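**Student:** Below is the file target-v9.pdb, with PDB, C-alpha atoms, pLDDT in the B column.
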MODEL        1
ATOM      1  CA  MET A   1      73.016  58.587  30.665  1.00 44.00           C
ATOM      2  CA  SER A   2      72.162  56.500  33.715  1.00 53.00           C
ATOM      3  CA  THR A   3      69.044  54.976  35.208  1.00 51.00           C
ATOM      4  CA  THR A   4      67.420  55.076  38.586  1.00 53.00           C
ATOM      5  CA  GLU A   5      64.157  53.815  40.056  1.00 47.00           C
ATOM      6  CA  SER A   6      61.068  56.024  40.085  1.00 45.00           C
ATOM      7  CA  THR A   7      58.277  55.678  42.631  1.00 42.00           C
ATOM      8  CA  ASP A   8      56.407  53.176  40.473  1.00 46.00           C
ATOM      9  CA  ASN A   9      59.544  50.989  40.106  1.00 48.00           C
ATOM     10  CA  ASP A  10      59.854  51.881  36.433  1.00 68.00           C
ATOM     11  CA  GLN A  11      63.300  52.725  35.146  1.00 86.00           C
ATOM     12  CA  LEU A  12      64.081  56.421  34.861  1.00 91.00           C
ATOM     13  CA  PHE A  13      66.491  57.286  32.064  1.00 94.00           C
ATOM     14  CA  VAL A  14      68.452  60.250  33.421  1.00 94.00           C
ATOM     15  CA  LEU A  15      68.933  63.103  30.963  1.00 95.00           C
ATOM     16  CA  THR A  16      70.361  65.817  33.187  1.00 95.00           C
ATOM     17  CA  ALA A  17      70.445  67.079  36.748  1.00 96.00           C
ATOM     18  CA  VAL A  18      70.714  70.421  38.522  1.00 96.00           C
ATOM     19  CA  LEU A  19      71.343  71.580  42.059  1.00 97.00           C
ATOM     20  CA  LEU A  20      68.617  73.238  44.090  1.00 97.00           C
ATOM     21  CA  THR A  21      70.276  74.852  47.106  1.00 97.00           C
ATOM     22  CA  PRO A  22      70.222  78.372  48.586  1.00 96.00           C
ATOM     23  CA  ALA A  23      73.510  79.097  46.769  1.00 95.00           C
ATOM     24  CA  GLN A  24      72.827  77.323  43.455  1.00 95.00           C
ATOM     25  CA  PHE A  25      69.497  76.933  41.692  1.00 97.00           C
ATOM     26  CA  PRO A  26      68.129  77.564  38.196  1.00 96.00           C
ATOM     27  CA  SER A  27      67.568  81.328  38.300  1.00 95.00           C
ATOM     28  CA  VAL A  28      64.844  81.114  35.666  1.00 95.00           C
ATOM     29  CA  LEU A  29      62.585  79.443  38.250  1.00 97.00           C
ATOM     30  CA  GLY A  30      62.511  82.241  40.827  1.00 96.00           C
ATOM     31  CA  ASP A  31      64.153  85.141  42.620  1.00 97.00           C
ATOM     32  CA  ASP A  32      65.141  83.095  45.675  1.00 97.00           C
ATOM     33  CA  TYR A  33      65.442  79.547  46.983  1.00 98.00           C
ATOM     34  CA  PRO A  34      62.118  79.373  48.883  1.00 98.00           C
ATOM     35  CA  GLU A  35      60.261  80.711  45.823  1.00 97.00           C
ATOM     36  CA  VAL A  36      61.755  78.014  43.602  1.00 98.00           C
ATOM     37  CA  CYS A  37      60.994  75.300  46.164  1.00 97.00           C
ATOM     38  CA  ALA A  38      57.396  76.502  46.471  1.00 97.00           C
ATOM     39  CA  GLY A  39      56.983  76.318  42.702  1.00 96.00           C
ATOM     40  CA  LEU A  40      58.084  72.676  42.806  1.00 96.00           C
ATOM     41  CA  GLY A  41      56.010  71.778  45.849  1.00 95.00           C
ATOM     42  CA  LEU A  42      59.106  71.140  47.979  1.00 97.00           C
ATOM     43  CA  ALA A  43      59.883  72.363  51.489  1.00 97.00           C
ATOM     44  CA  PRO A  44      62.797  74.857  51.550  1.00 97.00           C
ATOM     45  CA  TYR A  45      65.109  72.344  53.235  1.00 94.00           C
ATOM     46  CA  ALA A  46      68.271  74.216  54.283  1.00 93.00           C
ATOM     47  CA  GLU A  47      70.656  71.616  52.813  1.00 94.00           C
ATOM     48  CA  GLY A  48      68.857  71.706  49.465  1.00 96.00           C
ATOM     49  CA  TYR A  49      68.128  69.065  46.860  1.00 97.00           C
ATOM     50  CA  GLY A  50      69.376  67.602  43.641  1.00 97.00           C
ATOM     51  CA  LEU A  51      66.866  67.554  40.787  1.00 97.00           C
ATOM     52  CA  VAL A  52      67.209  64.647  38.355  1.00 97.00           C
ATOM     53  CA  LEU A  53      65.321  65.036  35.064  1.00 97.00           C
ATOM     54  CA  GLY A  54      64.581  62.022  32.922  1.00 96.00           C
ATOM     55  CA  GLN A  55      62.053  59.792  31.171  1.00 96.00           C
ATOM     56  CA  ASP A  56      60.470  56.530  32.197  1.00 95.00           C
ATOM     57  CA  GLY A  57      60.164  53.486  29.947  1.00 94.00           C
ATOM     58  CA  GLN A  58      57.051  54.960  28.319  1.00 94.00           C
ATOM     59  CA  GLY A  59      58.823  58.243  27.574  1.00 96.00           C
ATOM     60  CA  ALA A  60      57.014  60.254  30.250  1.00 96.00           C
ATOM     61  CA  ARG A  61      58.827  63.211  31.770  1.00 96.00           C
ATOM     62  CA  TRP A  62      59.718  62.978  35.466  1.00 96.00           C
ATOM     63  CA  THR A  63      61.689  65.125  37.887  1.00 97.00           C
ATOM     64  CA  VAL A  64      63.118  63.283  40.884  1.00 96.00           C
ATOM     65  CA  ALA A  65      64.106  65.344  43.922  1.00 97.00           C
ATOM     66  CA  THR A  66      66.822  63.775  46.057  1.00 97.00           C
ATOM     67  CA  GLU A  67      68.394  64.835  49.327  1.00 96.00           C
ATOM     68  CA  ASP A  68      71.737  63.437  48.126  1.00 95.00           C
ATOM     69  CA  VAL A  69      73.059  66.828  47.019  1.00 95.00           C
ATOM     70  CA  SER A  70      76.672  65.668  46.988  1.00 94.00           C
ATOM     71  CA  LEU A  71      75.914  62.868  44.528  1.00 94.00           C
ATOM     72  CA  VAL A  72      74.199  65.257  42.113  1.00 95.00           C
ATOM     73  CA  ALA A  73      76.981  67.830  42.506  1.00 94.00           C
ATOM     74  CA  CYS A  74      79.586  65.188  41.611  1.00 94.00           C
ATOM     75  CA  ALA A  75      77.575  64.103  38.575  1.00 93.00           C
ATOM     76  CA  VAL A  76      77.126  67.659  37.304  1.00 92.00           C
ATOM     77  CA  ALA A  77      80.837  68.409  37.780  1.00 92.00           C
ATOM     78  CA  ALA A  78      81.824  65.221  35.925  1.00 93.00           C
ATOM     79  CA  TRP A  79      79.457  65.908  33.034  1.00 92.00           C
ATOM     80  CA  ASP A  80      80.753  69.469  32.749  1.00 89.00           C
ATOM     81  CA  CYS A  81      84.225  67.975  32.259  1.00 91.00           C
ATOM     82  CA  GLY A  82      82.979  65.506  29.640  1.00 89.00           C
ATOM     83  CA  VAL A  83      83.329  62.549  31.993  1.00 90.00           C
ATOM     84  CA  GLU A  84      80.660  59.854  32.239  1.00 88.00           C
ATOM     85  CA  TYR A  85      79.017  59.502  35.639  1.00 88.00           C
ATOM     86  CA  ASP A  86      76.319  57.048  36.680  1.00 87.00           C
ATOM     87  CA  LEU A  87      73.779  59.129  38.580  1.00 89.00           C
ATOM     88  CA  SER A  88      71.572  56.748  40.542  1.00 88.00           C
ATOM     89  CA  PRO A  89      70.271  58.256  43.797  1.00 90.00           C
ATOM     90  CA  GLY A  90      69.430  55.751  46.504  1.00 89.00           C
ATOM     91  CA  GLU A  91      65.733  55.128  46.992  1.00 90.00           C
ATOM     92  CA  ASP A  92      65.940  56.279  50.622  1.00 92.00           C
ATOM     93  CA  SER A  93      67.250  59.680  49.479  1.00 93.00           C
ATOM     94  CA  ILE A  94      64.389  60.396  47.066  1.00 95.00           C
ATOM     95  CA  VAL A  95      61.995  62.996  48.425  1.00 96.00           C
ATOM     96  CA  ALA A  96      59.563  63.235  45.514  1.00 94.00           C
ATOM     97  CA  ALA A  97      58.985  62.071  41.953  1.00 94.00           C
ATOM     98  CA  LEU A  98      57.228  64.950  40.192  1.00 95.00           C
ATOM     99  CA  PRO A  99      55.562  64.674  36.779  1.00 96.00           C
ATOM    100  CA  GLY A 100      56.963  66.909  34.057  1.00 97.00           C
ATOM    101  CA  TRP A 101      60.136  68.978  33.819  1.00 97.00           C
ATOM    102  CA  PRO A 102      60.623  72.480  35.275  1.00 97.00           C
ATOM    103  CA  LEU A 103      63.279  73.247  32.657  1.00 96.00           C
ATOM    104  CA  ALA A 104      63.226  72.973  28.881  1.00 94.00           C
ATOM    105  CA  LEU A 105      65.392  70.124  27.556  1.00 94.00           C
ATOM    106  CA  ALA A 106      66.443  69.629  23.958  1.00 91.00           C
ATOM    107  CA  VAL A 107      67.462  65.998  24.494  1.00 90.00           C
ATOM    108  CA  ALA A 108      65.531  62.756  24.891  1.00 91.00           C
ATOM    109  CA  ALA A 109      66.285  59.195  25.905  1.00 92.00           C
ATOM    110  CA  PRO A 110      66.933  56.823  22.975  1.00 92.00           C
ATOM    111  CA  GLY A 111      64.719  53.833  22.474  1.00 92.00           C
ATOM    112  CA  VAL A 112      61.653  55.206  24.273  1.00 93.00           C
ATOM    113  CA  PRO A 113      58.694  57.273  23.017  1.00 94.00           C
ATOM    114  CA  GLU A 114      59.033  61.031  22.606  1.00 95.00           C
ATOM    115  CA  PRO A 115      58.950  63.069  25.846  1.00 95.00           C
ATOM    116  CA  HIS A 116      55.420  63.656  27.126  1.00 96.00           C
ATOM    117  CA  ASP A 117      53.725  64.300  30.437  1.00 94.00           C
ATOM    118  CA  PRO A 118      52.565  61.168  32.262  1.00 93.00           C
ATOM    119  CA  GLU A 119      48.877  60.340  32.433  1.00 89.00           C
ATOM    120  CA  PRO A 120      47.548  62.007  35.598  1.00 83.00           C
ATOM    121  CA  GLU A 121      46.055  59.954  38.378  1.00 81.00           C
ATOM    122  CA  ASP A 122      43.746  61.126  41.145  1.00 80.00           C
ATOM    123  CA  GLY A 123      45.611  63.363  43.547  1.00 78.00           C
ATOM    124  CA  ASP A 124      48.629  63.861  41.304  1.00 80.00           C
ATOM    125  CA  PRO A 125      50.033  67.398  41.057  1.00 84.00           C
ATOM    126  CA  ALA A 126      49.900  69.173  37.723  1.00 90.00           C
ATOM    127  CA  PRO A 127      52.939  68.378  35.563  1.00 95.00           C
ATOM    128  CA  LEU A 128      55.864  70.752  35.914  1.00 96.00           C
ATOM    129  CA  THR A 129      56.414  73.030  32.932  1.00 95.00           C
ATOM    130  CA  PRO A 130      59.263  75.447  32.136  1.00 94.00           C
ATOM    131  CA  PRO A 131      58.588  79.155  32.702  1.00 92.00           C
ATOM    132  CA  ASP A 132      57.646  81.102  29.588  1.00 88.00           C
ATOM    133  CA  ALA A 133      60.807  83.012  28.718  1.00 82.00           C
ATOM    134  CA  ALA A 134      59.762  83.822  25.135  1.00 85.00           C
ATOM    135  CA  GLU A 135      58.847  87.393  26.068  1.00 91.00           C
ATOM    136  CA  TRP A 136      60.415  89.821  28.505  1.00 95.00           C
ATOM    137  CA  GLY A 137      59.378  89.240  32.090  1.00 95.00           C
ATOM    138  CA  PRO A 138      60.839  87.932  35.358  1.00 96.00           C
ATOM    139  CA  ALA A 139      62.087  84.662  33.831  1.00 95.00           C
ATOM    140  CA  GLN A 140      63.817  86.341  30.909  1.00 96.00           C
ATOM    141  CA  ARG A 141      65.182  89.097  33.140  1.00 97.00           C
ATOM    142  CA  ARG A 142      66.819  86.481  35.357  1.00 96.00           C
ATOM    143  CA  LEU A 143      68.164  84.618  32.329  1.00 96.00           C
ATOM    144  CA  GLY A 144      69.637  87.911  31.110  1.00 96.00           C
ATOM    145  CA  ALA A 145      71.417  88.351  34.416  1.00 97.00           C
ATOM    146  CA  ASP A 146      72.754  84.790  34.133  1.00 96.00           C
ATOM    147  CA  GLU A 147      74.172  85.631  30.708  1.00 97.00           C
ATOM    148  CA  ILE A 148      75.922  88.748  32.001  1.00 97.00           C
ATOM    149  CA  ALA A 149      77.499  86.741  34.822  1.00 96.00           C
ATOM    150  CA  LEU A 150      78.736  84.122  32.352  1.00 95.00           C
ATOM    151  CA  GLN A 151      79.979  86.676  29.798  1.00 95.00           C
ATOM    152  CA  TRP A 152      81.216  89.318  32.208  1.00 95.00           C
ATOM    153  CA  ALA A 153      84.282  90.325  30.201  1.00 93.00           C
ATOM    154  CA  ALA A 154      82.258  90.943  27.041  1.00 95.00           C
ATOM    155  CA  TRP A 155      79.709  93.100  28.867  1.00 95.00           C
ATOM    156  CA  ARG A 156      82.384  94.936  30.860  1.00 93.00           C
ATOM    157  CA  GLU A 157      84.193  95.945  27.664  1.00 92.00           C
ATOM    158  CA  GLN A 158      81.135  97.926  26.616  1.00 91.00           C
ATOM    159  CA  VAL A 159      81.318 100.203  29.662  1.00 89.00           C
ATOM    160  CA  ASP A 160      83.831 102.997  30.258  1.00 79.00           C
ATOM    161  CA  ASP A 161      86.119 102.506  33.230  1.00 73.00           C
ATOM    162  CA  ASP A 162      85.046 105.839  34.696  1.00 68.00           C
ATOM    163  CA  VAL A 163      81.308 105.103  34.583  1.00 68.00           C
ATOM    164  CA  THR A 164      79.442 106.561  37.550  1.00 64.00           C
ATOM    165  CA  PHE A 165      76.000 105.930  38.962  1.00 63.00           C
ATOM    166  CA  VAL A 166      74.980 109.547  38.343  1.00 57.00           C
ATOM    167  CA  GLY A 167      76.907 111.816  35.979  1.00 55.00           C
ATOM    168  CA  PRO A 168      77.361 115.550  36.631  1.00 54.00           C
ATOM    169  CA  GLY A 169      74.047 117.343  36.287  1.00 56.00           C
ATOM    170  CA  GLU A 170      72.070 114.116  35.860  1.00 66.00           C
ATOM    171  CA  GLN A 171      69.252 112.705  37.961  1.00 71.00           C
ATOM    172  CA  PRO A 172      69.421 109.114  39.226  1.00 77.00           C
ATOM    173  CA  HIS A 173      67.522 106.603  37.114  1.00 89.00           C
ATOM    174  CA  PRO A 174      64.434 105.937  39.285  1.00 92.00           C
ATOM    175  CA  GLY A 175      64.420 102.183  38.685  1.00 94.00           C
ATOM    176  CA  VAL A 176      68.114 101.787  39.425  1.00 93.00           C
ATOM    177  CA  ARG A 177      67.784 104.046  42.463  1.00 93.00           C
ATOM    178  CA  ARG A 178      65.024 101.751  43.747  1.00 95.00           C
ATOM    179  CA  VAL A 179      67.207  98.691  43.198  1.00 95.00           C
ATOM    180  CA  MET A 180      70.097 100.244  45.104  1.00 94.00           C
ATOM    181  CA  ALA A 181      67.788 101.187  47.978  1.00 94.00           C
ATOM    182  CA  GLU A 182      66.324  97.670  48.170  1.00 97.00           C
ATOM    183  CA  ALA A 183      69.804  96.116  47.990  1.00 97.00           C
ATOM    184  CA  HIS A 184      70.875  98.349  50.888  1.00 96.00           C
ATOM    185  CA  GLY A 185      67.806  97.118  52.742  1.00 97.00           C
ATOM    186  CA  TYR A 186      69.062  93.540  52.423  1.00 98.00           C
ATOM    187  CA  VAL A 187      72.087  94.497  54.523  1.00 96.00           C
ATOM    188  CA  THR A 188      69.955  95.601  57.473  1.00 95.00           C
ATOM    189  CA  GLU A 189      67.195  93.021  57.011  1.00 96.00           C
ATOM    190  CA  PRO A 190      68.489  89.860  55.288  1.00 94.00           C
ATOM    191  CA  PRO A 191      66.218  88.640  52.484  1.00 96.00           C
ATOM    192  CA  PRO A 192      65.049  85.054  51.852  1.00 97.00           C
ATOM    193  CA  PRO A 193      67.879  82.578  51.166  1.00 97.00           C
ATOM    194  CA  GLY A 194      69.176  82.770  47.625  1.00 97.00           C
ATOM    195  CA  ARG A 195      68.227  86.400  46.962  1.00 97.00           C
ATOM    196  CA  VAL A 196      71.951  87.150  47.309  1.00 98.00           C
ATOM    197  CA  ARG A 197      74.436  84.614  45.960  1.00 97.00           C
ATOM    198  CA  SER A 198      78.224  84.773  45.733  1.00 97.00           C
ATOM    199  CA  SER A 199      80.480  82.735  43.460  1.00 94.00           C
ATOM    200  CA  PHE A 200      84.119  82.711  42.381  1.00 92.00           C
ATOM    201  CA  ALA A 201      85.466  85.348  40.008  1.00 90.00           C
ATOM    202  CA  ALA A 202      88.901  86.244  38.684  1.00 84.00           C
ATOM    203  CA  GLY A 203      91.602  86.950  41.238  1.00 84.00           C
ATOM    204  CA  GLU A 204      90.269  87.442  44.743  1.00 88.00           C
ATOM    205  CA  ALA A 205      86.994  88.966  43.577  1.00 93.00           C
ATOM    206  CA  ARG A 206      83.545  87.440  43.856  1.00 96.00           C
ATOM    207  CA  THR A 207      80.633  87.530  41.451  1.00 97.00           C
ATOM    208  CA  LEU A 208      77.457  88.631  43.181  1.00 97.00           C
ATOM    209  CA  ARG A 209      73.977  87.794  41.943  1.00 97.00           C
ATOM    210  CA  VAL A 210      71.258  89.785  43.700  1.00 98.00           C
ATOM    211  CA  ASP A 211      67.552  89.561  42.879  1.00 98.00           C
ATOM    212  CA  GLY A 212      64.439  91.287  44.095  1.00 97.00           C
ATOM    213  CA  PRO A 213      60.844  91.979  43.089  1.00 96.00           C
ATOM    214  CA  GLY A 214      61.105  93.017  39.449  1.00 97.00           C
ATOM    215  CA  TRP A 215      64.900  93.366  39.268  1.00 98.00           C
ATOM    216  CA  SER A 216      68.232  91.565  39.066  1.00 98.00           C
ATOM    217  CA  MET A 217      71.761  92.810  39.693  1.00 98.00           C
ATOM    218  CA  VAL A 218      75.069  91.229  38.694  1.00 98.00           C
ATOM    219  CA  ALA A 219      78.291  92.640  40.106  1.00 97.00           C
ATOM    220  CA  ARG A 220      81.951  91.921  40.772  1.00 96.00           C
ATOM    221  CA  THR A 221      83.096  92.893  44.243  1.00 96.00           C
ATOM    222  CA  ASP A 222      86.138  94.660  42.743  1.00 93.00           C
ATOM    223  CA  ASP A 223      84.279  96.293  39.860  1.00 93.00           C
ATOM    224  CA  ILE A 224      80.920  97.657  38.724  1.00 94.00           C
ATOM    225  CA  ALA A 225      77.371  96.283  38.640  1.00 95.00           C
ATOM    226  CA  PHE A 226      74.692  95.746  35.998  1.00 96.00           C
ATOM    227  CA  VAL A 227      70.984  96.114  36.723  1.00 97.00           C
ATOM    228  CA  LEU A 228      68.034  94.670  34.786  1.00 97.00           C
ATOM    229  CA  LEU A 229      64.413  95.706  35.386  1.00 97.00           C
ATOM    230  CA  ASP A 230      61.130  94.037  34.538  1.00 97.00           C
ATOM    231  CA  GLU A 231      59.673  97.361  33.416  1.00 97.00           C
ATOM    232  CA  GLU A 232      62.439  98.006  30.873  1.00 96.00           C
ATOM    233  CA  PRO A 233      62.607  95.061  28.445  1.00 96.00           C
ATOM    234  CA  GLY A 234      66.108  94.240  27.287  1.00 93.00           C
ATOM    235  CA  GLU A 235      67.738  97.248  28.966  1.00 95.00           C
ATOM    236  CA  VAL A 236      70.926  96.776  30.983  1.00 95.00           C
ATOM    237  CA  HIS A 237      71.990  99.609  33.290  1.00 94.00           C
ATOM    238  CA  PRO A 238      75.648  99.817  34.407  1.00 93.00           C
ATOM    239  CA  VAL A 239      76.270 101.131  37.919  1.00 93.00           C
ATOM    240  CA  GLY A 240      79.741 102.557  38.503  1.00 89.00           C
ATOM    241  CA  ARG A 241      81.800 102.154  41.661  1.00 86.00           C
ATOM    242  CA  GLY A 242      81.537 105.705  42.966  1.00 82.00           C
ATOM    243  CA  PRO A 243      81.348 106.272  46.732  1.00 84.00           C
ATOM    244  CA  GLU A 244      78.384 103.955  47.288  1.00 86.00           C
ATOM    245  CA  LEU A 245      78.835 100.679  45.434  1.00 92.00           C
ATOM    246  CA  PRO A 246      82.062  99.205  46.936  1.00 93.00           C
ATOM    247  CA  ALA A 247      80.773  99.171  50.519  1.00 95.00           C
ATOM    248  CA  LEU A 248      77.398  97.836  49.407  1.00 96.00           C
ATOM    249  CA  LEU A 249      78.955  94.956  47.476  1.00 96.00           C
ATOM    250  CA  THR A 250      81.213  94.067  50.397  1.00 96.00           C
ATOM    251  CA  SER A 251      78.228  93.946  52.748  1.00 97.00           C
ATOM    252  CA  LEU A 252      76.155  91.891  50.342  1.00 97.00           C
ATOM    253  CA  ASP A 253      78.999  89.420  49.860  1.00 97.00           C
ATOM    254  CA  GLU A 254      79.196  88.908  53.617  1.00 96.00           C
ATOM    255  CA  LEU A 255      75.567  87.790  53.826  1.00 95.00           C
ATOM    256  CA  ALA A 256      75.451  85.928  50.490  1.00 96.00           C
ATOM    257  CA  ALA A 257      74.851  82.216  50.117  1.00 94.00           C
ATOM    258  CA  ARG A 258      77.969  80.485  48.773  1.00 92.00           C
ATOM    259  CA  PRO A 259      78.421  77.100  47.107  1.00 87.00           C
ATOM    260  CA  VAL A 260      79.894  74.518  49.435  1.00 73.00           C
TER     261      VAL A 260
ENDMDL
END
Take the structure in the file and write it out as structure tokens.
**Tutor:**
Amino acid sequence: MSTTESTDNDQLFVLTAVLLTPAQFPSVLGDDYPEVCAGLGLAPYAEGYGLVLGQDGQGARWTVATEDVSLVACAVAAWDCGVEYDLSPGEDSIVAALPGWPLALAVAAPGVPEPHDPEPEDGDPAPLTPPDAAEWGPAQRRLGADEIALQWAAWREQVDDDVTFVGPGEQPHPGVRRVMAEAHGYVTEPPPPGRVRSSFAAGEARTLRVDGPGWSMVARTDDIAFVLLDEEPGEVHPVGRGPELPALLTSLDELAARPV
């Protein structure tokens, strides 16, 4: 844990931090980078932000947005490795101090009151609250796609190697067909930043995360894809390589946002 200064000069006890960039942002908050920024009341600054979540001396929840993305990235990487890191963004890098937390946290700062939203003052924005992911909907669909990306091997084992998009004598699943058509549309007309993201995978492959209105797709550039739909709670549709998928994934990877 570290401390930094909030806008009212009270100490902020840092609990965690996340990146908010076109290539890396909490998927639960939106389908693309501008959508997530809009939900937080931030301009979709091309270089992105770091979001620092913590409590002030009275226990109130605050989210500090900083332009010092590199500092937050270093802190997150250190914490992931179990290494302590003092995350204290410089005051001149802080863009906004927002009441509340956009993500659910199961931790709290010791020695201060339990987490609560700060008392609102005139002109203050409504406190940030995490999306409701208790029931199936866009937030849970995106979280499901996150889980598939993290546990790719386990999900891939459940699918035959010769899976195809459409088996002999079958009709294409209308929802999946729509997703494939919209993903193809991204190639000719690039979507908002963050709708297509590319990250490292095993070997020379890349993991693609593609989102759209009511759907998410997770794929490996050298393998198959999985599609999730808002209208089909909990269902995961595998899409085999076939003649269509490889070229589509290659094209999507070329336009995808990538972590620096």
**Student:** Would you list the residues near (68.3, 70.1, 37.0), meaning any protein, DNA or RNA residue with an atom at most 8 Å from that point in file coordinates, counting all atoms listed in the file, as a PDB file with C-alpha atoms, keeping the file's coordinate frame?
**Tutor:**
ATOM      1  CA  THR A  16      70.361  65.817  33.187  1.00 95.00           C
ATOM      2  CA  ALA A  17      70.445  67.079  36.748  1.00 96.00           C
ATOM      3  CA  VAL A  18      70.714  70.421  38.522  1.00 96.00           C
ATOM      4  CA  LEU A  19      71.343  71.580  42.059  1.00 97.00           C
ATOM      5  CA  LEU A  20      68.617  73.238  44.090  1.00 97.00           C
ATOM      6  CA  PRO A  26      68.129  77.564  38.196  1.00 96.00           C
ATOM      7  CA  GLY A  50      69.376  67.602  43.641  1.00 97.00           C
ATOM      8  CA  LEU A  51      66.866  67.554  40.787  1.00 97.00           C
ATOM      9  CA  VAL A  52      67.209  64.647  38.355  1.00 97.00           C
ATOM     10  CA  LEU A  53      65.321  65.036  35.064  1.00 97.00           C
ATOM     11  CA  LEU A 103      63.279  73.247  32.657  1.00 96.00           C
TER      12      LEU A 103
END
**Student:** Excluding same-chain residues fewer than 4 positions from Tyr45 in chain A, what lies within 12 Å of it counting only C-alpha atoms, as a PyMOL selection string?
**Tutor:** chain A and resi 20-22+33-34+36-38+41+49-50+65-67+69+95+193
**Student:** Print the selection's residues with C-alpha atoms to a file, as a CSV table (one decimal), keeping the file's coordinate frame.
**Tutor:**
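Written out: part_13.csv:
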chain,number,residue,atom,x,y,z
A,20,LEU,CA,68.6,73.2,44.1
A,21,THR,CA,70.3,74.9,47.1
A,22,PRO,CA,70.2,78.4,48.6
A,33,TYR,CA,65.4,79.5,47.0
A,34,PRO,CA,62.1,79.4,48.9
A,36,VAL,CA,61.8,78.0,43.6
A,37,CYS,CA,61.0,75.3,46.2
A,38,ALA,CA,57.4,76.5,46.5
A,41,GLY,CA,56.0,71.8,45.8
A,49,TYR,CA,68.1,69.1,46.9
A,50,GLY,CA,69.4,67.6,43.6
A,65,ALA,CA,64.1,65.3,43.9
A,66,THR,CA,66.8,63.8,46.1
A,67,GLU,CA,68.4,64.8,49.3
A,69,VAL,CA,73.1,66.8,47.0
A,95,VAL,CA,62.0,63.0,48.4
A,193,PRO,CA,67.9,82.6,51.2
**Student:** Using all atoms listed in the file for the distances, tell me which of A:Glu235, A:Asp56, A:Glu91, A:Asp223 is nearest to Val112 in chain A.
**Tutor:**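 Using all atoms listed in the file, Val112 in chain A sits closest to A:Asp56.
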**Student:** So, with only C-alpha atoms as the atoms that count, which of A:Ile224, A:Val218, A:Leu29, A:Glu119 lies closest to Ala149 in chain A?
**Tutor:**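 For Ala149 in chain A, the nearest of the candidates is A:Val218.
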**Student:** Find the residues near Trp62 in chain A: any atom within 9 Å, counting all atoms listed in the file, skip ones fewer than 5 places away on the same chain, and give them as a list in words.
**Tutor:**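 Residues meeting the cut-off are Ser6, Leu12, Val52, Leu53, Gly54, Gln55, Asp56, Ala97, Leu98, Pro99, Gly100, Trp101, Asp117, Pro118, Pro127 and Leu128 of chain A.
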**Student:** Tell me which residues the PyMOL selection byres ((chain A and resi 75) around 10) grabs here, as number ranges by chain.
**Tutor:** A: 16-18, 69-74, 76-81, 83-88
**Student:** Once the PyMOL selection byres ((chain A and resi 201) around 10) has been applied to the shown file, what residues remain in the selection, as a list in words?
**Tutor:**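 Applying the PyMOL selection byres ((chain A and resi 201) around 10) to the structure shown produces Ala149, Trp152, Ser198, Ser199, Phe200, Ala202, Gly203, Glu204, Ala205, Arg206, Thr207, Leu208, Arg220, Thr221 and Asp222 of chain A.
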**Student:** Hey, can you check how far CA of Gly39 in chain A sits from CA of Ala96 in chain A?
**Tutor:**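 CA of Gly39 in chain A sits 13.6 Å away from CA of Ala96 in chain A.
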**Student:** Here's the selection I'm unsure about, the PyMOL selection byres ((chain A and resi 155) around 12); applied to the file above, which residues does it give, as a list in words?
**Tutor:** Gly144, Ala145, Glu147, Ile148, Ala149, Leu150, Gln151, Trp152, Ala153, Ala154, Arg156, Glu157, Gln158, Val159, Asp160, Val218, Ala219, Ile224, Ala225, Phe226, Val236, His237 and Pro238 of chain A
**Student:** Grab the CA of Ala23 in chain A to CA of Asp92 in chain A distance for me, in Å with one decimal place.
**Tutor:**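 CA of Asp92 in chain A lies at a distance of 24.3 Å from CA of Ala23 in chain A.
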**Student:** Once you count all atoms listed in the file, which residues end up no further than 7 Å from (70.0, 89.1, 43.9) in the file's frame, shown as an MDAnalysis selection string?
**Tutor:** chainID A and resid 195:197 209:212 216:217
**Student:** Just to confirm, what's the straight-line distance from CA of Leu252 in chain A to CA of Pro190 in chain A in Å (one decimal)?
**Tutor:** 9.3 Å
**Student:** Got a sec to write range 122-149 of chain A of the block to a file, C-alpha atoms, as an mmCIF file, in the first residue's frame?
**Tutor:**
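Full text of part23.cif as output:
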data_model
loop_
_atom_site.group_PDB
_atom_site.id
_atom_site.type_symbol
_atom_site.label_atom_id
_atom_site.label_comp_id
_atom_site.auth_asym_id
_atom_site.auth_seq_id
_atom_site.Cartn_x
_atom_site.Cartn_y
_atom_site.Cartn_z
ATOM 1 C CA ASP A 122 -22.635 20.908 -4.851
ATOM 2 C CA GLY A 123 -21.506 20.176 -8.379
ATOM 3 C CA ASP A 124 -19.862 16.860 -7.549
ATOM 4 C CA PRO A 125 -20.477 13.973 -9.963
ATOM 5 C CA ALA A 126 -22.369 10.945 -8.724
ATOM 6 C CA PRO A 127 -20.057 8.394 -7.086
ATOM 7 C CA LEU A 128 -18.682 5.719 -9.382
ATOM 8 C CA THR A 129 -20.152 2.265 -8.839
ATOM 9 C CA PRO A 130 -19.178 -1.117 -10.322
ATOM 10 C CA PRO A 131 -21.378 -2.471 -13.124
ATOM 11 C CA ASP A 132 -23.962 -5.022 -12.037
ATOM 12 C CA ALA A 133 -22.504 -8.336 -13.173
ATOM 13 C CA ALA A 134 -24.753 -10.493 -10.965
ATOM 14 C CA GLU A 135 -26.985 -11.409 -13.905
ATOM 15 C CA TRP A 136 -26.186 -12.067 -17.541
ATOM 16 C CA GLY A 137 -25.776 -8.920 -19.588
ATOM 17 C CA PRO A 138 -23.027 -6.906 -21.295
ATOM 18 C CA ALA A 139 -20.829 -6.713 -18.179
ATOM 19 C CA GLN A 140 -21.013 -10.427 -17.456
ATOM 20 C CA ARG A 141 -20.599 -11.290 -21.133
ATOM 21 C CA ARG A 142 -17.361 -9.304 -21.226
ATOM 22 C CA LEU A 143 -16.177 -10.898 -17.984
ATOM 23 C CA GLY A 144 -16.886 -14.300 -19.542
ATOM 24 C CA ALA A 145 -14.710 -13.411 -22.501
ATOM 25 C CA ASP A 146 -11.953 -12.316 -20.104
ATOM 26 C CA GLU A 147 -12.129 -15.713 -18.405
ATOM 27 C CA ILE A 148 -11.829 -17.577 -21.704
ATOM 28 C CA ALA A 149 -8.768 -15.517 -22.635
#
